[in-house]
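Asker: First, the structure itself, so that you have it in front of you.
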Amino acid sequence: MPEAAAPILYTFRRCPYAMRARLALSSARLAVRVREVVLRDKPPEMLDASPKGTVPVLVLESGEVIDESLDVMRWALAQADPEGWLSADAAETDALIAQNDGPFKRALDRYKYPNRYEDEGADPLENREAGLAILQDLSERIAAHGGQLFGPAPTLADMAIFPFVRQFAHTGLDWWESAAPGPVKTWLAGHKDSARFRAIMAKYPQWAPGAAEPALPVAG
Ligand SMILES: N[C@@H](CCC(=O)N[C@@H](CS)C(=O)NCC(=O)O)C(=O)O
């Protein structure tokens with residue numbers, strides 16, 4: 001168990017933004033107290049800390065609140081970066097993540113939840129194609145760099161992006177298996193099968209005041 005003074009992480013198991021935060025906190029081997037949130041029943045304690053109401057939210061022992069997933073990743077890796085996730089070119093990393101969080105996420109949402117969007121260009125199959133075009137570029141990059149986006153070992157961009165590619169793949173697994181380019185398929189499969197990912201996908205009951213606050217696993 002982490003000591004009572006460890007930072008608190010409000011998180012939701014299946015949220016890709018929360019996954020990337022948990023991945024970085026785990027890699028940095030930081031003791032964190034996990035508060036699993038149900039999005040339709042957010043605890044007032046989380047909304048007091050961050051009224052915008054999105055996960056992840058990290059509340060430090062000082063009371064400082066970090067409520068953007070990339071900021072949580074960067075904060076964690078600034079404490080410790082034993083696996084060299086910050087070793088890649090910063091501008092290229094930012095550009096890849098911006099592409100993911102912008103156009104790729106937009107296509108993913110419209111492919112996965114077509115009924116939620118009525119805007120022009122909300123056709124699911126068109127969006128599947130738009131997402132695939134972005135993944136084709138990523139795939140070429142992965143092949144050229146020997147397995148990950150910046151080389152043979154994962155860096156911040158890989159870990160920030162793969163939870164979203166996982167969601168895209170899971171929207172139609174049969175299609176993914178037949179249509180996705182090999183290098184990005186192998187890359188995703190490796191991350192999904194990793195000890196780190198399995199550790200941060202542990203299931204916890206919804207947190208409520210007084211309930212246990214399990215330590216975020218640092219395995220992997
Ligand atoms: N820009 C934010 C986005 C986080 C986000 O949108 N998280 C979703 C869950 S995946 C959320 O909490 N949505 C609020 C809700 O559904 O009520 C970040 O990077 O942390």
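We name chains A, B, ... following the order of the structure tokens; residues begin at 1 in each chain, and ligands are numbered from 1 as shown.
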Can you list, as JSON, numbers by chain, every protein, DNA or RNA residue that comes within 8 Å of region 98-105 of chain A when you count only C-alpha atoms, leaving out same-chain residues fewer than 5 positions away?

Answerer: {"A": [130, 131, 134, 161, 164]}

Asker: Write the selection just made, keeping C-alpha atoms, as a short mmCIF file (atom, residue, chain, number, x, y, z; two decimals), in the first residue's frame?

Answerer:
```cif
data_model
loop_
_atom_site.label_atom_id
_atom_site.label_comp_id
_atom_site.auth_asym_id
_atom_site.auth_seq_id
_atom_site.Cartn_x
_atom_site.Cartn_y
_atom_site.Cartn_z
CA ALA A 130 -9.76 8.80 -42.29
CA GLY A 131 -8.42 7.05 -39.18
CA ILE A 134 -3.41 8.41 -40.27
CA ILE A 161 -1.19 7.18 -28.64
CA PHE A 164 -6.57 5.39 -28.80
#
```

Asker: Please report, as a tab-separated table, each residue of chain A lying at most 6 Å from ligand 1, together with the nearest pair of atoms and the separation in Å rounded to one decimal; use only C-alpha atoms and all ligand atoms, and order rows by chain and ascending residue number.

Answerer:
```
residue	atom	partner	partner_atom_place_in_ligand_line	distance
A:Cys15	CA	ligand 1	10 (S)	3.8
A:Pro16	CA	ligand 1	10 (S)	5.6
A:Tyr17	CA	ligand 1	19 (O)	5.3
A:Leu39	CA	ligand 1	17 (O)	5.0
A:Gly53	CA	ligand 1	14 (C)	5.8
A:Thr54	CA	ligand 1	12 (O)	3.1
A:Val55	CA	ligand 1	12 (O)	4.1
A:Pro56	CA	ligand 1	20 (O)	5.5
A:Asp67	CA	ligand 1	20 (O)	5.9
A:Glu68	CA	ligand 1	20 (O)	3.6
A:Ser69	CA	ligand 1	20 (O)	3.7
A:Leu70	CA	ligand 1	19 (O)	5.9
```

Asker: Neighbouring residues of region 142-152 of chain A were defined as those with any atom within 10 Å, considering only C-alpha atoms; residues of the same chain fewer than 3 positions away were excluded. Please report them as a list in words.

Answerer: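 Final neighbour list, sorted by chain and number: Ser87, Ala88, Asp89, Glu92, Thr93, Leu96, Gln136, Asp137, Leu138, Ser139, Thr155, Leu156, Ala157, Asp158, Met159, Gly182, Pro183, Val184, Thr186, Trp187, Leu188 and Gly190 of chain A.
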
Asker: List every residue of region 72-202 of chain A that DSSP, applied to the backbone, labels as helix (DSSP H, G or I), and write the result as a ChimeraX atom specification.

Answerer: /A:72-79,85-87,90-112,114-116,124-144,156-171,173-179,182-192,195-200

Asker: Identify, with DSSP run on backbone atoms, the residues in chain A assigned to strand (DSSP E), and express the list as an NGL selection string.

Answerer: :A and (8-11 or 33-36 or 57-59 or 65-66)

Asker: Pick out the residues sitting within 12 Å of Met201 (chain A), and hand them over as a ChimeraX atom specification; count only C-alpha atoms, and ignore anything fewer than 2 positions along from it in its own chain.

Answerer: /A:11-16,18-23,26,34,36,163,192-199,203-204,216-219

Asker: Which is closer to Leu77 (chain A) than all the others in A:Ala24, A:Ala189, A:Ile97, A:Ala91, using only C-alpha atoms?

Answerer: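 Ranked by minimum distance to Leu77 (chain A), first place goes to A:Ala24.
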
Asker: Within 7 Å of Asn127 (chain A), counting only C-alpha atoms, which residues show up once you throw out same-chain ones fewer than 6 positions away? Write them as a PyMOL selection string, please.

Answerer: chain A and resi 107-108+110-111

Asker: Could you tell me how far CA of Val57 (chain A) lies from CA of Asp81 (chain A), in Å and to one decimal?

Answerer: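 So the two atoms, CA of Val57 (chain A) and CA of Asp81 (chain A), lie 20.4 Å apart.
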